[in-house]
file run_30.cif (mmCIF, N, CA and C atoms)
data_data
#
loop_
_atom_site.label_atom_id
_atom_site.label_comp_id
_atom_site.auth_asym_id
_atom_site.auth_seq_id
_atom_site.Cartn_x
_atom_site.Cartn_y
_atom_site.Cartn_z
N MET P 381 26.41 9.83 17.01
CA MET P 381 25.95 8.49 16.75
C MET P 381 24.99 8.10 17.86
N THR P 382 23.87 7.53 17.50
CA THR P 382 22.87 7.13 18.46
C THR P 382 23.18 5.73 18.97
N SER P 383 23.06 5.57 20.27
CA SER P 383 23.33 4.27 20.87
C SER P 383 22.02 3.57 21.18
N PHE P 384 21.94 2.29 20.88
CA PHE P 384 20.77 1.52 21.27
C PHE P 384 20.76 1.47 22.79
N GLY P 385 19.59 1.66 23.37
CA GLY P 385 19.47 1.62 24.81
C GLY P 385 19.67 2.98 25.46
N ASP P 386 19.89 4.04 24.70
CA ASP P 386 20.04 5.39 25.23
C ASP P 386 18.65 5.90 25.57
N LEU P 387 18.37 6.02 26.86
CA LEU P 387 17.03 6.42 27.29
C LEU P 387 16.68 7.84 26.89
N LEU P 388 17.67 8.67 26.63
CA LEU P 388 17.41 10.06 26.23
C LEU P 388 17.37 10.23 24.72
N GLY P 389 17.78 9.22 24.01
CA GLY P 389 17.79 9.28 22.55
C GLY P 389 16.42 8.99 21.97
N PRO P 390 16.30 9.14 20.66
CA PRO P 390 15.01 8.87 20.01
C PRO P 390 14.66 7.39 20.07
N GLN P 391 13.37 7.13 20.06
CA GLN P 391 12.88 5.76 20.03
C GLN P 391 13.20 5.14 18.67
N PRO P 392 13.42 3.84 18.63
CA PRO P 392 13.65 3.18 17.34
C PRO P 392 12.43 3.34 16.42
N VAL P 393 12.71 3.50 15.14
CA VAL P 393 11.64 3.59 14.14
C VAL P 393 11.38 2.18 13.62
N LEU P 394 10.13 1.80 13.66
CA LEU P 394 9.70 0.49 13.16
C LEU P 394 8.75 0.74 12.00
N LEU P 395 9.26 0.57 10.80
CA LEU P 395 8.46 0.85 9.61
C LEU P 395 7.31 -0.15 9.47
N PRO P 396 6.22 0.30 8.86
CA PRO P 396 5.12 -0.62 8.61
C PRO P 396 5.49 -1.60 7.50
N GLU P 397 4.83 -2.74 7.52
CA GLU P 397 5.04 -3.73 6.46
C GLU P 397 4.45 -3.22 5.15
N ILE P 398 5.12 -3.54 4.08
CA ILE P 398 4.56 -3.37 2.74
C ILE P 398 4.41 -4.80 2.24
N SER P 399 3.45 -5.48 2.82
CA SER P 399 3.36 -6.93 2.67
C SER P 399 3.13 -7.38 1.24
N ASP P 400 2.43 -6.58 0.42
CA ASP P 400 2.22 -7.00 -0.97
C ASP P 400 3.56 -7.16 -1.69
N ALA P 401 4.43 -6.17 -1.53
CA ALA P 401 5.74 -6.22 -2.19
C ALA P 401 6.60 -7.32 -1.57
N GLU P 402 6.61 -7.39 -0.24
CA GLU P 402 7.43 -8.40 0.43
C GLU P 402 6.98 -9.81 0.05
N ASP P 403 5.66 -10.03 0.04
CA ASP P 403 5.13 -11.35 -0.33
C ASP P 403 5.46 -11.70 -1.78
N ALA P 404 5.37 -10.71 -2.65
CA ALA P 404 5.68 -10.96 -4.07
C ALA P 404 7.14 -11.38 -4.24
N LEU P 405 8.04 -10.71 -3.54
CA LEU P 405 9.45 -11.08 -3.64
C LEU P 405 9.72 -12.44 -3.02
N LEU P 406 9.08 -12.73 -1.91
CA LEU P 406 9.23 -14.05 -1.30
C LEU P 406 8.68 -15.14 -2.20
N GLY P 407 7.66 -14.80 -2.99
CA GLY P 407 7.08 -15.73 -3.95
C GLY P 407 7.85 -15.81 -5.25
N LYS P 408 9.04 -15.20 -5.29
CA LYS P 408 9.95 -15.24 -6.44
C LYS P 408 9.40 -14.52 -7.67
N GLU P 409 8.52 -13.52 -7.44
CA GLU P 409 8.07 -12.70 -8.58
C GLU P 409 9.24 -11.83 -9.04
N ASP P 410 9.18 -11.44 -10.29
CA ASP P 410 10.22 -10.61 -10.90
C ASP P 410 10.32 -9.28 -10.15
N PRO P 411 11.49 -8.96 -9.58
CA PRO P 411 11.63 -7.70 -8.83
C PRO P 411 11.34 -6.46 -9.67
N VAL P 412 11.54 -6.53 -10.98
CA VAL P 412 11.20 -5.39 -11.85
C VAL P 412 9.71 -5.12 -11.77
N GLN P 413 8.91 -6.19 -11.85
CA GLN P 413 7.46 -6.03 -11.78
C GLN P 413 7.02 -5.59 -10.38
N VAL P 414 7.69 -6.09 -9.36
CA VAL P 414 7.35 -5.71 -7.99
C VAL P 414 7.65 -4.23 -7.77
N ALA P 415 8.81 -3.76 -8.24
CA ALA P 415 9.15 -2.34 -8.09
C ALA P 415 8.17 -1.46 -8.87
N ALA P 416 7.77 -1.90 -10.05
CA ALA P 416 6.83 -1.11 -10.84
C ALA P 416 5.46 -1.05 -10.16
N ALA P 417 5.04 -2.15 -9.56
CA ALA P 417 3.74 -2.19 -8.90
C ALA P 417 3.76 -1.52 -7.52
N HIS P 418 4.93 -1.48 -6.89
CA HIS P 418 5.08 -0.94 -5.53
C HIS P 418 6.30 -0.02 -5.47
N PRO P 419 6.28 1.11 -6.17
CA PRO P 419 7.48 1.95 -6.25
C PRO P 419 7.93 2.55 -4.91
N ALA P 420 7.07 2.57 -3.92
CA ALA P 420 7.46 3.10 -2.61
C ALA P 420 8.13 2.05 -1.73
N ALA P 421 8.19 0.81 -2.18
CA ALA P 421 8.75 -0.29 -1.39
C ALA P 421 10.26 -0.40 -1.59
N SER P 422 11.01 0.06 -0.62
CA SER P 422 12.47 -0.01 -0.70
C SER P 422 12.97 -1.42 -0.92
N VAL P 423 12.25 -2.39 -0.38
CA VAL P 423 12.69 -3.78 -0.50
C VAL P 423 12.80 -4.21 -1.96
N ALA P 424 11.90 -3.74 -2.81
CA ALA P 424 11.96 -4.09 -4.24
C ALA P 424 13.19 -3.47 -4.89
N TRP P 425 13.47 -2.22 -4.57
CA TRP P 425 14.64 -1.54 -5.14
C TRP P 425 15.93 -2.16 -4.62
N ALA P 426 15.92 -2.55 -3.35
CA ALA P 426 17.09 -3.22 -2.78
C ALA P 426 17.37 -4.53 -3.52
N GLN P 427 16.32 -5.28 -3.80
CA GLN P 427 16.49 -6.55 -4.52
C GLN P 427 17.05 -6.32 -5.91
N LEU P 428 16.51 -5.31 -6.60
CA LEU P 428 17.04 -4.99 -7.94
C LEU P 428 18.52 -4.60 -7.87
N ALA P 429 18.88 -3.80 -6.86
CA ALA P 429 20.27 -3.37 -6.71
C ALA P 429 21.18 -4.55 -6.41
N GLU P 430 20.75 -5.40 -5.48
CA GLU P 430 21.57 -6.56 -5.12
C GLU P 430 21.73 -7.51 -6.30
N ASP P 431 20.66 -7.71 -7.06
CA ASP P 431 20.75 -8.57 -8.25
C ASP P 431 21.73 -7.99 -9.28
N ALA P 432 21.67 -6.68 -9.47
CA ALA P 432 22.58 -6.03 -10.43
C ALA P 432 24.03 -6.14 -9.95
N LEU P 433 24.25 -5.97 -8.64
CA LEU P 433 25.61 -6.13 -8.11
C LEU P 433 26.10 -7.56 -8.28
N ASP P 434 25.21 -8.53 -8.08
CA ASP P 434 25.60 -9.93 -8.29
C ASP P 434 25.99 -10.18 -9.75
N ARG P 435 25.22 -9.61 -10.68
CA ARG P 435 25.56 -9.78 -12.11
C ARG P 435 26.89 -9.11 -12.43
N ALA P 436 27.12 -7.94 -11.86
CA ALA P 436 28.39 -7.23 -12.09
C ALA P 436 29.56 -8.05 -11.55
N ASP P 437 29.38 -8.62 -10.36
CA ASP P 437 30.44 -9.45 -9.79
C ASP P 437 30.70 -10.68 -10.66
N ALA P 438 29.64 -11.31 -11.14
CA ALA P 438 29.78 -12.51 -11.98
C ALA P 438 30.46 -12.19 -13.30
N ALA P 439 30.19 -10.99 -13.85
CA ALA P 439 30.79 -10.60 -15.12
C ALA P 439 32.26 -10.25 -14.94
N GLY P 440 32.63 -9.84 -13.73
CA GLY P 440 34.02 -9.51 -13.46
C GLY P 440 34.50 -8.23 -14.10
N THR P 441 33.58 -7.44 -14.63
CA THR P 441 33.98 -6.17 -15.23
C THR P 441 34.20 -5.14 -14.14
N GLU P 442 35.08 -4.21 -14.41
CA GLU P 442 35.39 -3.18 -13.43
C GLU P 442 34.16 -2.31 -13.15
N ILE P 443 33.70 -1.60 -14.16
CA ILE P 443 32.48 -0.79 -14.04
C ILE P 443 31.70 -0.99 -15.32
N GLY P 444 30.49 -1.49 -15.17
CA GLY P 444 29.64 -1.72 -16.32
C GLY P 444 28.22 -1.27 -16.02
N LEU P 445 27.35 -1.57 -16.94
CA LEU P 445 25.95 -1.17 -16.83
C LEU P 445 25.33 -1.67 -15.53
N ASP P 446 25.60 -2.92 -15.15
CA ASP P 446 24.99 -3.45 -13.94
C ASP P 446 25.46 -2.70 -12.68
N THR P 447 26.70 -2.28 -12.64
CA THR P 447 27.19 -1.54 -11.49
C THR P 447 26.48 -0.20 -11.38
N VAL P 448 26.35 0.49 -12.50
CA VAL P 448 25.67 1.79 -12.50
C VAL P 448 24.18 1.62 -12.23
N ALA P 449 23.58 0.56 -12.78
CA ALA P 449 22.17 0.29 -12.51
C ALA P 449 21.96 -0.01 -11.02
N ALA P 450 22.87 -0.77 -10.43
CA ALA P 450 22.78 -1.07 -9.00
C ALA P 450 22.80 0.21 -8.19
N TYR P 451 23.68 1.13 -8.56
CA TYR P 451 23.76 2.41 -7.86
C TYR P 451 22.42 3.15 -7.95
N ALA P 452 21.84 3.19 -9.13
CA ALA P 452 20.57 3.90 -9.33
C ALA P 452 19.43 3.21 -8.58
N PHE P 453 19.36 1.88 -8.67
CA PHE P 453 18.31 1.16 -7.94
C PHE P 453 18.45 1.38 -6.44
N ALA P 454 19.68 1.28 -5.93
CA ALA P 454 19.91 1.45 -4.50
C ALA P 454 19.57 2.87 -4.05
N ARG P 455 19.94 3.85 -4.85
CA ARG P 455 19.63 5.23 -4.47
C ARG P 455 18.12 5.46 -4.44
N THR P 456 17.40 4.84 -5.37
CA THR P 456 15.94 4.96 -5.37
C THR P 456 15.37 4.33 -4.10
N GLY P 457 15.83 3.13 -3.76
CA GLY P 457 15.36 2.48 -2.54
C GLY P 457 15.70 3.27 -1.29
N TYR P 458 16.87 3.85 -1.28
CA TYR P 458 17.31 4.70 -0.17
C TYR P 458 16.38 5.89 -0.01
N HIS P 459 16.11 6.59 -1.09
CA HIS P 459 15.25 7.78 -1.00
C HIS P 459 13.80 7.43 -0.68
N ARG P 460 13.29 6.35 -1.26
CA ARG P 460 11.93 5.94 -0.92
C ARG P 460 11.86 5.54 0.55
N GLY P 461 12.92 4.91 1.06
CA GLY P 461 12.99 4.56 2.48
C GLY P 461 13.06 5.78 3.38
N LEU P 462 13.84 6.78 2.97
CA LEU P 462 13.89 8.02 3.76
C LEU P 462 12.51 8.66 3.86
N ASP P 463 11.79 8.68 2.75
CA ASP P 463 10.42 9.23 2.77
C ASP P 463 9.57 8.50 3.80
N LEU P 464 9.60 7.19 3.78
CA LEU P 464 8.79 6.39 4.70
C LEU P 464 9.26 6.57 6.14
N LEU P 465 10.57 6.60 6.36
CA LEU P 465 11.08 6.82 7.71
C LEU P 465 10.60 8.17 8.26
N ARG P 466 10.69 9.20 7.46
CA ARG P 466 10.26 10.53 7.93
C ARG P 466 8.77 10.55 8.24
N ARG P 467 7.98 9.88 7.41
CA ARG P 467 6.53 9.81 7.69
C ARG P 467 6.24 9.04 8.96
N ASN P 468 7.21 8.26 9.42
CA ASN P 468 7.02 7.47 10.64
C ASN P 468 7.82 8.01 11.82
N GLY P 469 8.18 9.29 11.75
CA GLY P 469 8.75 9.97 12.90
C GLY P 469 10.25 10.09 12.97
N TRP P 470 10.98 9.55 12.02
CA TRP P 470 12.44 9.63 12.03
C TRP P 470 12.86 11.05 11.70
N LYS P 471 13.81 11.58 12.43
CA LYS P 471 14.27 12.96 12.25
C LYS P 471 15.63 13.06 11.57
N GLY P 472 16.06 11.99 10.95
CA GLY P 472 17.35 12.00 10.26
C GLY P 472 18.45 11.34 11.06
N PHE P 473 18.12 10.84 12.22
CA PHE P 473 19.08 10.11 13.05
C PHE P 473 18.30 9.22 14.00
N GLY P 474 19.02 8.29 14.55
CA GLY P 474 18.40 7.40 15.53
C GLY P 474 18.21 6.00 15.02
N PRO P 475 17.83 5.12 15.92
CA PRO P 475 17.76 3.69 15.61
C PRO P 475 16.71 3.33 14.57
N VAL P 476 17.15 2.50 13.62
CA VAL P 476 16.28 1.85 12.63
C VAL P 476 16.73 0.38 12.68
N PRO P 477 16.17 -0.39 13.62
CA PRO P 477 16.70 -1.72 13.90
C PRO P 477 16.60 -2.72 12.74
N TRP P 478 17.70 -3.41 12.50
CA TRP P 478 17.75 -4.50 11.51
C TRP P 478 16.78 -5.60 11.92
N SER P 479 16.60 -5.82 13.20
CA SER P 479 15.77 -6.92 13.68
C SER P 479 14.30 -6.77 13.28
N HIS P 480 13.88 -5.56 12.93
CA HIS P 480 12.50 -5.34 12.49
C HIS P 480 12.46 -5.51 10.97
N GLU P 481 11.91 -6.62 10.52
CA GLU P 481 11.93 -7.01 9.10
C GLU P 481 11.55 -5.88 8.13
N PRO P 482 10.49 -5.09 8.36
CA PRO P 482 10.14 -4.04 7.40
C PRO P 482 11.20 -2.94 7.26
N ASN P 483 12.13 -2.82 8.22
CA ASN P 483 13.22 -1.85 8.10
C ASN P 483 14.30 -2.32 7.13
N ARG P 484 14.32 -3.59 6.82
CA ARG P 484 15.43 -4.15 6.06
C ARG P 484 15.48 -3.69 4.61
N GLY P 485 14.35 -3.35 4.02
CA GLY P 485 14.38 -2.84 2.64
C GLY P 485 15.20 -1.57 2.56
N PHE P 486 14.97 -0.65 3.50
CA PHE P 486 15.76 0.58 3.55
C PHE P 486 17.22 0.27 3.84
N LEU P 487 17.47 -0.53 4.86
CA LEU P 487 18.85 -0.83 5.24
C LEU P 487 19.59 -1.59 4.13
N ARG P 488 18.91 -2.50 3.45
CA ARG P 488 19.52 -3.21 2.32
C ARG P 488 19.84 -2.23 1.19
N SER P 489 18.96 -1.25 0.97
CA SER P 489 19.22 -0.24 -0.07
C SER P 489 20.46 0.57 0.27
N VAL P 490 20.61 0.96 1.53
CA VAL P 490 21.80 1.70 1.95
C VAL P 490 23.05 0.84 1.76
N GLY P 491 22.95 -0.43 2.13
CA GLY P 491 24.09 -1.34 1.95
C GLY P 491 24.46 -1.51 0.49
N ALA P 492 23.46 -1.67 -0.37
CA ALA P 492 23.73 -1.82 -1.81
C ALA P 492 24.30 -0.52 -2.38
N LEU P 493 23.80 0.61 -1.89
CA LEU P 493 24.35 1.89 -2.34
C LEU P 493 25.82 2.01 -1.94
N ALA P 494 26.14 1.57 -0.74
CA ALA P 494 27.54 1.60 -0.30
C ALA P 494 28.41 0.75 -1.22
N LYS P 495 27.95 -0.46 -1.53
CA LYS P 495 28.73 -1.36 -2.39
C LYS P 495 28.90 -0.79 -3.80
N ALA P 496 27.82 -0.25 -4.34
CA ALA P 496 27.90 0.33 -5.69
C ALA P 496 28.77 1.58 -5.70
N ALA P 497 28.65 2.39 -4.67
CA ALA P 497 29.49 3.60 -4.59
C ALA P 497 30.96 3.22 -4.52
N ARG P 498 31.28 2.22 -3.71
CA ARG P 498 32.67 1.75 -3.62
C ARG P 498 33.15 1.25 -4.98
N ALA P 499 32.27 0.53 -5.70
CA ALA P 499 32.66 -0.03 -6.99
C ALA P 499 32.96 1.04 -8.03
N ILE P 500 32.29 2.17 -7.96
CA ILE P 500 32.54 3.23 -8.95
C ILE P 500 33.53 4.27 -8.42
N GLY P 501 34.08 4.04 -7.24
CA GLY P 501 35.10 4.93 -6.70
C GLY P 501 34.57 6.15 -5.98
N GLU P 502 33.32 6.11 -5.57
CA GLU P 502 32.73 7.24 -4.85
C GLU P 502 32.92 7.01 -3.35
N THR P 503 34.15 7.26 -2.89
CA THR P 503 34.53 6.90 -1.53
C THR P 503 33.79 7.71 -0.47
N GLU P 504 33.48 8.96 -0.73
CA GLU P 504 32.75 9.76 0.26
C GLU P 504 31.34 9.21 0.46
N GLU P 505 30.67 8.82 -0.61
CA GLU P 505 29.33 8.24 -0.50
C GLU P 505 29.39 6.90 0.22
N TYR P 506 30.40 6.12 -0.08
CA TYR P 506 30.59 4.84 0.60
C TYR P 506 30.70 5.07 2.12
N ALA P 507 31.52 6.02 2.52
CA ALA P 507 31.70 6.31 3.95
C ALA P 507 30.41 6.83 4.58
N ARG P 508 29.67 7.68 3.87
CA ARG P 508 28.39 8.19 4.40
C ARG P 508 27.41 7.05 4.62
N CYS P 509 27.37 6.12 3.69
CA CYS P 509 26.46 4.98 3.82
C CYS P 509 26.83 4.13 5.03
N LEU P 510 28.12 3.88 5.22
CA LEU P 510 28.56 3.11 6.38
C LEU P 510 28.21 3.83 7.68
N ASP P 511 28.39 5.15 7.70
CA ASP P 511 28.03 5.93 8.89
C ASP P 511 26.53 5.85 9.16
N LEU P 512 25.73 5.94 8.11
CA LEU P 512 24.28 5.86 8.27
C LEU P 512 23.86 4.48 8.80
N LEU P 513 24.44 3.43 8.25
CA LEU P 513 24.13 2.09 8.74
C LEU P 513 24.51 1.96 10.21
N GLU P 514 25.65 2.48 10.59
CA GLU P 514 26.10 2.42 11.98
C GLU P 514 25.14 3.17 12.89
N ASP P 515 24.66 4.32 12.44
CA ASP P 515 23.73 5.11 13.23
C ASP P 515 22.37 4.41 13.34
N CYS P 516 21.95 3.78 12.26
CA CYS P 516 20.65 3.09 12.26
C CYS P 516 20.68 1.86 13.15
N ASP P 517 21.69 1.03 12.97
CA ASP P 517 21.83 -0.20 13.75
C ASP P 517 23.27 -0.68 13.60
N PRO P 518 24.02 -0.69 14.69
CA PRO P 518 25.43 -1.09 14.60
C PRO P 518 25.65 -2.49 14.01
N ARG P 519 24.63 -3.33 13.98
CA ARG P 519 24.77 -4.68 13.40
C ARG P 519 24.50 -4.73 11.91
N ALA P 520 23.89 -3.68 11.36
CA ALA P 520 23.41 -3.72 9.97
C ALA P 520 24.53 -3.95 8.96
N ALA P 521 25.63 -3.24 9.09
CA ALA P 521 26.72 -3.36 8.11
C ALA P 521 27.23 -4.80 8.04
N ALA P 522 27.41 -5.42 9.19
CA ALA P 522 27.88 -6.81 9.18
C ALA P 522 26.84 -7.74 8.56
N GLU P 523 25.57 -7.51 8.85
CA GLU P 523 24.50 -8.33 8.27
C GLU P 523 24.51 -8.22 6.74
N LEU P 524 24.94 -7.08 6.23
CA LEU P 524 24.95 -6.81 4.80
C LEU P 524 26.30 -7.11 4.15
N GLY P 525 27.22 -7.68 4.89
CA GLY P 525 28.53 -8.02 4.34
C GLY P 525 29.44 -6.82 4.16
N LEU P 526 29.24 -5.79 4.97
CA LEU P 526 30.05 -4.58 4.90
C LEU P 526 30.76 -4.36 6.23
N SER P 527 31.71 -5.19 6.55
CA SER P 527 32.36 -5.00 7.83
C SER P 527 33.69 -4.33 7.72
#
call {"tool": "encode", "arguments": {"input": "run_30.cif", "output": "structure tokens"}}
result
Amino acid sequence: MTSFGDLLGPQPVLLPEISDAEDALLGKEDPVQVAAAHPAASVAWAQLAEDALDRADAAGTEIGLDTVAAYAFARTGYHRGLDLLRRNGWKGFGPVPWSHEPNRGFLRSVGALAKAARAIGETEEYARCLDLLEDCDPRAAAELGLS
């Protein structure tokens, strides 16, 4: 596990802004349209996943279409985020600070994937997601309601 402030560890990765997608979501544009227009933007996939999880929670069903859709949306955001992290020097470990706003799309996708995995009973994936969040930023899980 990488510790923040470890002088021998890797430098934190600060992803570039994908301002078109972020601005569209802040402007309350439909996340489906934002994801279609900006498929590399984890933030759009994270929003879709979180919205699907909210619908699943509101419906009160054990496992339904929204839960499975949330899992798929979150996994897409996770993988698109991994691609971007690697292009920006991440080697599969090390700090990805929550405090840097452009990192939050990836971290939100990991959090949504954890929640969806837990909902469908995929406990190993849930644990891997929590470990990844802890490695990226020890505060991320709490920020995402996964304590």
call {"tool": "residues_around", "arguments": {"input": "run_30.cif", "residues": "P:Ala454", "least_positions_apart": "3", "cutoff": "7 Å", "atoms": "all atoms listed in the file", "output": "compact mmCIF listing (two decimals) with N, CA and C atoms, in the coordinates of the input"}}
result
# COMPACT_ATOMS: atom_id res chain seq x y z
N TRP P 425 13.47 -2.22 -4.57
CA TRP P 425 14.64 -1.54 -5.14
C TRP P 425 15.93 -2.16 -4.62
N ALA P 426 15.92 -2.55 -3.35
CA ALA P 426 17.09 -3.22 -2.78
C ALA P 426 17.37 -4.53 -3.52
N LEU P 428 16.51 -5.31 -6.60
CA LEU P 428 17.04 -4.99 -7.94
C LEU P 428 18.52 -4.60 -7.87
N ALA P 429 18.88 -3.80 -6.86
CA ALA P 429 20.27 -3.37 -6.71
C ALA P 429 21.18 -4.55 -6.41
N GLU P 430 20.75 -5.40 -5.48
CA GLU P 430 21.57 -6.56 -5.12
C GLU P 430 21.73 -7.51 -6.30
N ALA P 449 23.58 0.56 -12.78
CA ALA P 449 22.17 0.29 -12.51
C ALA P 449 21.96 -0.01 -11.02
N ALA P 450 22.87 -0.77 -10.43
CA ALA P 450 22.78 -1.07 -9.00
C ALA P 450 22.80 0.21 -8.19
N TYR P 451 23.68 1.13 -8.56
CA TYR P 451 23.76 2.41 -7.86
C TYR P 451 22.42 3.15 -7.95
N GLY P 457 15.83 3.13 -3.76
CA GLY P 457 15.36 2.48 -2.54
C GLY P 457 15.70 3.27 -1.29
N TYR P 458 16.87 3.85 -1.28
CA TYR P 458 17.31 4.70 -0.17
C TYR P 458 16.38 5.89 -0.01
N HIS P 459 16.11 6.59 -1.09
CA HIS P 459 15.25 7.78 -1.00
C HIS P 459 13.80 7.43 -0.68
N ARG P 488 18.91 -2.50 3.45
CA ARG P 488 19.52 -3.21 2.32
C ARG P 488 19.84 -2.23 1.19
N SER P 489 18.96 -1.25 0.97
CA SER P 489 19.22 -0.24 -0.07
C SER P 489 20.46 0.57 0.27
N VAL P 490 20.61 0.96 1.53
CA VAL P 490 21.80 1.70 1.95
C VAL P 490 23.05 0.84 1.76
N ALA P 492 23.46 -1.67 -0.37
CA ALA P 492 23.73 -1.82 -1.81
C ALA P 492 24.30 -0.52 -2.38
N LEU P 493 23.80 0.61 -1.89
CA LEU P 493 24.35 1.89 -2.34
C LEU P 493 25.82 2.01 -1.94
call {"tool": "closest_residue", "arguments": {"input": "run_30.cif", "among": "P:Leu524, P:Ala420, P:Val448, P:Leu395", "to": "P:Ala499", "atoms": "all atoms listed in the file"}}
result
P:Val448
call {"tool": "residues_around", "arguments": {"input": "run_30.cif", "residues": "P:Cys516", "least_positions_apart": "3", "cutoff": "7 Å", "atoms": "all atoms listed in the file", "output": "number ranges by chain"}}
result
P: 382, 473-478, 511-513, 519-520
call {"tool": "resolve_selection", "arguments": {"input": "run_30.cif", "expression": "the PyMOL selection byres (((chain P and resi 421 and name CA) around 8) and name CA)", "output": "PyMOL selection string"}}
result
chain P and resi 398+401+415+418-420+422-425+457+460-461+485
call {"tool": "atom_distance", "arguments": {"input": "run_30.cif", "atom1": "atom C of P:Leu394", "atom2": "atom N of P:Ala521"}}
result
17.6 Å
call {"tool": "atom_distance", "arguments": {"input": "run_30.cif", "atom1": "atom CA of P:Leu433", "atom2": "atom CA of P:Asp446"}}
result
6.4 Å
call {"tool": "closest_residue", "arguments": {"input": "run_30.cif", "among": "P:Gln391, P:Ser479, P:Phe486, P:Leu510", "to": "P:Leu464", "atoms": "only C-alpha atoms"}}
result
P:Phe486
call {"tool": "residues_near_point", "arguments": {"input": "run_30.cif", "point": "(15.3, -6.7, -12.6)", "cutoff": "8 Å", "atoms": "all atoms listed in the file", "output": "ChimeraX atom specification"}}
result
/P:410-413,427-429,431-432
call {"tool": "write_last_selection", "arguments": {"input": "run_30.cif", "atoms": "N, CA and C atoms", "output": "mmCIF file, in the coordinates of the input"}}
result
data_model
loop_
_atom_site.group_PDB
_atom_site.id
_atom_site.type_symbol
_atom_site.label_atom_id
_atom_site.label_comp_id
_atom_site.auth_asym_id
_atom_site.auth_seq_id
_atom_site.Cartn_x
_atom_site.Cartn_y
_atom_site.Cartn_z
ATOM 1 N N ASP P 410 9.180 -11.440 -10.290
ATOM 2 C CA ASP P 410 10.220 -10.610 -10.900
ATOM 3 C C ASP P 410 10.320 -9.280 -10.150
ATOM 4 N N PRO P 411 11.490 -8.960 -9.580
ATOM 5 C CA PRO P 411 11.630 -7.700 -8.830
ATOM 6 C C PRO P 411 11.340 -6.460 -9.670
ATOM 7 N N VAL P 412 11.540 -6.530 -10.980
ATOM 8 C CA VAL P 412 11.200 -5.390 -11.850
ATOM 9 C C VAL P 412 9.710 -5.120 -11.770
ATOM 10 N N GLN P 413 8.910 -6.190 -11.850
ATOM 11 C CA GLN P 413 7.460 -6.030 -11.780
ATOM 12 C C GLN P 413 7.020 -5.590 -10.380
ATOM 13 N N GLN P 427 16.320 -5.280 -3.800
ATOM 14 C CA GLN P 427 16.490 -6.550 -4.520
ATOM 15 C C GLN P 427 17.050 -6.320 -5.910
ATOM 16 N N LEU P 428 16.510 -5.310 -6.600
ATOM 17 C CA LEU P 428 17.040 -4.990 -7.940
ATOM 18 C C LEU P 428 18.520 -4.600 -7.870
ATOM 19 N N ALA P 429 18.880 -3.800 -6.860
ATOM 20 C CA ALA P 429 20.270 -3.370 -6.710
ATOM 21 C C ALA P 429 21.180 -4.550 -6.410
ATOM 22 N N ASP P 431 20.660 -7.710 -7.060
ATOM 23 C CA ASP P 431 20.750 -8.570 -8.250
ATOM 24 C C ASP P 431 21.730 -7.990 -9.280
ATOM 25 N N ALA P 432 21.670 -6.680 -9.470
ATOM 26 C CA ALA P 432 22.580 -6.030 -10.430
ATOM 27 C C ALA P 432 24.030 -6.140 -9.950
#
call {"tool": "residues_around", "arguments": {"input": "run_30.cif", "residues": "stretch 495-498 of chain P", "least_positions_apart": "4", "cutoff": "7 Å", "atoms": "only C-alpha atoms", "output": "list in words"}}
result
Thr447, Ala450, Tyr451, Gly491, Glu502, Thr503, Glu505 and Tyr506 of chain P
call {"tool": "write_last_selection", "arguments": {"input": "run_30.cif", "atoms": "N, CA and C atoms", "output": "PDB file, keeping the file's coordinate frame"}}
result
ATOM      1  N   THR P 447      26.700  -2.280 -12.640  1.00  0.00           N
ATOM      2  CA  THR P 447      27.190  -1.540 -11.490  1.00  0.00           C
ATOM      3  C   THR P 447      26.480  -0.200 -11.380  1.00  0.00           C
ATOM      4  N   ALA P 450      22.870  -0.770 -10.430  1.00  0.00           N
ATOM      5  CA  ALA P 450      22.780  -1.070  -9.000  1.00  0.00           C
ATOM      6  C   ALA P 450      22.800   0.210  -8.190  1.00  0.00           C
ATOM      7  N   TYR P 451      23.680   1.130  -8.560  1.00  0.00           N
ATOM      8  CA  TYR P 451      23.760   2.410  -7.860  1.00  0.00           C
ATOM      9  C   TYR P 451      22.420   3.150  -7.950  1.00  0.00           C
ATOM     10  N   GLY P 491      22.950  -0.430   2.130  1.00  0.00           N
ATOM     11  CA  GLY P 491      24.090  -1.340   1.950  1.00  0.00           C
ATOM     12  C   GLY P 491      24.460  -1.510   0.490  1.00  0.00           C
ATOM     13  N   GLU P 502      33.320   6.110  -5.570  1.00  0.00           N
ATOM     14  CA  GLU P 502      32.730   7.240  -4.850  1.00  0.00           C
ATOM     15  C   GLU P 502      32.920   7.010  -3.350  1.00  0.00           C
ATOM     16  N   THR P 503      34.150   7.260  -2.890  1.00  0.00           N
ATOM     17  CA  THR P 503      34.530   6.900  -1.530  1.00  0.00           C
ATOM     18  C   THR P 503      33.790   7.710  -0.470  1.00  0.00           C
ATOM     19  N   GLU P 505      30.670   8.820  -0.610  1.00  0.00           N
ATOM     20  CA  GLU P 505      29.330   8.240  -0.500  1.00  0.00           C
ATOM     21  C   GLU P 505      29.390   6.900   0.220  1.00  0.00           C
ATOM     22  N   TYR P 506      30.400   6.120  -0.080  1.00  0.00           N
ATOM     23  CA  TYR P 506      30.590   4.840   0.600  1.00  0.00           C
ATOM     24  C   TYR P 506      30.700   5.070   2.120  1.00  0.00           C
TER      25      TYR P 506
END
call {"tool": "atom_distance", "arguments": {"input": "run_30.cif", "atom1": "atom CA of P:Ala417", "atom2": "atom CA of P:Leu462"}}
result
19.2 Å
call {"tool": "select_by_dssp", "arguments": {"input": "run_30.cif", "residues": "chain P", "states": "alpha helix (DSSP H)", "output": "VMD selection string"}}
result
chain P and resid 399 to 406 411 to 417 422 to 439 445 to 467 484 to 499 503 to 516 520 to 523
call {"tool": "closest_residue", "arguments": {"input": "run_30.cif", "among": "P:His480, P:Arg467, P:Ile500, P:Leu526", "to": "P:Ile443", "atoms": "all atoms listed in the file"}}
result
P:Ile500
